Structure formats: structure tokens, C-alpha cells
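Trainee: One structure is given below, represented as C-alpha cells, and several questions about it will come after.
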Amino acid sequence: MTEVVADAGLLIEGYASLWGVADLNRDVVARGAFANSLAKTGAGGVRMLHQHEGRAIVGVWEHLQEDERGLFVRGRIRDWSAEARFAGALARAGAMDALSIGFRAVRARREGALRVLTEVDLWEVSLVTFPMLPGARFSLSR
């Protein structure tokens with residue numbers, strides 16, 4: 001893992017959501033749930049926040065794509081604020097490597113104790129300390 005030039009930001013990538021895996025809130029995202037939202041907004045319409053804090057935009061998502069595993073994301077943590085520099089330092093140190101999605105459920109169904117999300121409006125993907133979906137992780141990219 002390497003860090004890109006400071007002006008370009010710190011490149012990160014990983015999975016913000018995984019298909020068919022229940023999170024700690026008993027939500028399960030169905031394959032294709034982000035398709036309509038991403039078609040409308042693209043990566044530019046999804047914010048990169050720190051800890052779901054609306055005032056803490058710490059970077060920019062450059063690529064979001066549904067693939068066989070889940071929602072793959074790639075973006076850059078920038079150094080434009082103290083919060084962004086802090087998030088970047090945590091990521092570089094390996095002290096923070098988790099992702100969490102902020103969204104509005106458009107369509108969902110119940111399967112026992114689980115809520116299966118079949119369509120969501122994706123608002124943001126946050127860099128977090130403790131993810132609701134333990135497998136939602138990012139790493140520094142080359």
C-alpha cells in the first residue's frame with residue numbers, strides 16, 4: 001500500500017456494502033439495491049464523510065460500482081480541513097479502515113427478523129471506526 005502525492009489525496013478503496021450479509025442492525029442489502037441511485041447521481045452525488053458527520057466531508061468518491069460481491073468504492077481523502085487530515089492520518093496508521101453507508105430505504109421487505117433492502121437512495125459512504133457491517137472495509141490503494 002502506498003500513499004499518492006499529497007495534492008491528489010490519499011487513495012482508498014474497498015467495499016461499503018456486501019450482498020446478502022446481515023449487519024448489526026439486521027439489515028441485509030440485496031444485489032442491485034444501489035443501481036437506481038447510482039444511475040441518478042453517480043459517484044459525484046455520494047459524499048465521503050467521517051463518522052457520518054455531515055459537516056465533515058473528508059474526501060471525494062471517484063468510483064462506485066456494484067459487482068459480484070457488493071458495492072465497491074474508490075476515492076481520495078483530501079487534506080482540505082483538519083477533519084480530513086485527521087481521517088487521512090488514521091487511515092495511514094491503520095487505526096481506521098471501516099466504511100458505513102448513509103441512505104434512505106426506498107423498497108424493503110421483511111424476512112423474519114431481517115429487513116432486506118431491495119432499493120436504496122445512497123447519500124453518503126463514511127469512513128468509520130465501528131461499522132454496522134463488520135465486513136465493510138477499505139484499504140490504501142496504489
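Quick note on naming: the chains in the C-alpha cells go A, B, ... in the order shown, residues restart at 1 in each chain, and ligands are numbered from 1 in order of appearance.
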Please report as a tab-separated table every residue of segment 91-117 of chain A lying within 12 Å of segment 37-52 of chain A, along with the nearest atom pair and their distance in Å (one decimal), using only C-alpha atoms.

Mentor:
```
residue	atom	partner	partner_atom	distance
A:Ala91	CA	A:His50	CA	11.2
A:Met96	CA	A:His50	CA	10.4
A:Asp97	CA	A:His50	CA	11.5
A:Ala98	CA	A:Gln51	CA	9.9
A:Leu99	CA	A:Gln51	CA	9.0
A:Ser100	CA	A:His52	CA	8.0
A:Ile101	CA	A:His52	CA	8.3
A:Gly102	CA	A:His52	CA	7.2
A:Phe103	CA	A:Val46	CA	9.9
A:Arg104	CA	A:Ser37	CA	10.3
A:Ala105	CA	A:Ser37	CA	10.9
A:Val106	CA	A:Ser37	CA	9.9
```

Trainee: Let's have the selection written as an mmCIF file, in the first residue's frame, with C-alpha atoms.

Mentor:
```
data_model
loop_
_atom_site.group_PDB
_atom_site.id
_atom_site.type_symbol
_atom_site.label_atom_id
_atom_site.label_comp_id
_atom_site.auth_asym_id
_atom_site.auth_seq_id
_atom_site.Cartn_x
_atom_site.Cartn_y
_atom_site.Cartn_z
ATOM 1 C CA ALA A 91 -6.241 5.629 7.631
ATOM 2 C CA MET A 96 -9.432 3.343 10.876
ATOM 3 C CA ASP A 97 -10.329 1.029 7.999
ATOM 4 C CA ALA A 98 -14.105 0.664 8.048
ATOM 5 C CA LEU A 99 -16.925 2.010 5.874
ATOM 6 C CA SER A 100 -20.586 2.659 6.578
ATOM 7 C CA ILE A 101 -23.400 3.780 4.295
ATOM 8 C CA GLY A 102 -25.925 6.537 4.867
ATOM 9 C CA PHE A 103 -29.103 6.019 2.870
ATOM 10 C CA ARG A 104 -32.880 6.135 2.649
ATOM 11 C CA ALA A 105 -34.684 2.843 2.127
ATOM 12 C CA VAL A 106 -36.879 3.070 -0.980
#
```

Trainee: Tell me which protein, DNA and RNA residues are within 12 Å of Ala136 of chain A, counting only C-alpha atoms, leaving out same-chain ones fewer than 6 positions away, and put them as a count of residues only.

Mentor: 28

Trainee: For Ile12 of chain A, find every residue with an atom within 9 Å (counting only C-alpha atoms), except residues of its own chain fewer than 5 positions away, and show them as a PDB file with C-alpha atoms, in the first residue's frame.

Mentor:
```pdb
ATOM      1  CA  VAL A  73     -15.914   2.222  -3.742  1.00  0.00           C
ATOM      2  CA  ARG A  74     -12.755   4.109  -4.619  1.00  0.00           C
ATOM      3  CA  GLY A  75     -11.949   7.673  -3.665  1.00  0.00           C
ATOM      4  CA  ARG A  76      -9.470  10.106  -2.191  1.00  0.00           C
ATOM      5  CA  ILE A  77      -9.208  11.502   1.302  1.00  0.00           C
ATOM      6  CA  ALA A  91      -6.241   5.629   7.631  1.00  0.00           C
ATOM      7  CA  PHE A 138     -11.259  -0.101   2.944  1.00  0.00           C
ATOM      8  CA  SER A 139      -7.533  -0.104   2.385  1.00  0.00           C
ATOM      9  CA  LEU A 140      -4.995   2.297   0.991  1.00  0.00           C
ATOM     10  CA  SER A 141      -4.619   1.823  -2.722  1.00  0.00           C
ATOM     11  CA  ARG A 142      -1.758   2.231  -5.148  1.00  0.00           C
TER      12      ARG A 142
END
```

Trainee: Separation of atom CA of Ala89 of chain A and atom CA of Trp123 of chain A, in Å?

Mentor: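 One can read the atom CA of Ala89 of chain A to atom CA of Trp123 of chain A distance as 24.5 Å.
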
Trainee: Looking only at alpha helix (DSSP H) from DSSP on the backbone, list the matching residues of segment 14-91 of chain A as number ranges by chain.

Mentor: A: 35-41, 82-91

Trainee: Extract, using only C-alpha atoms, all DNA, RNA and protein residues at most 8 Å from Ala33 of chain A, discarding same-chain residues fewer than 5 positions from it, and format them as a ChimeraX atom specification.

Mentor: /A:117-120
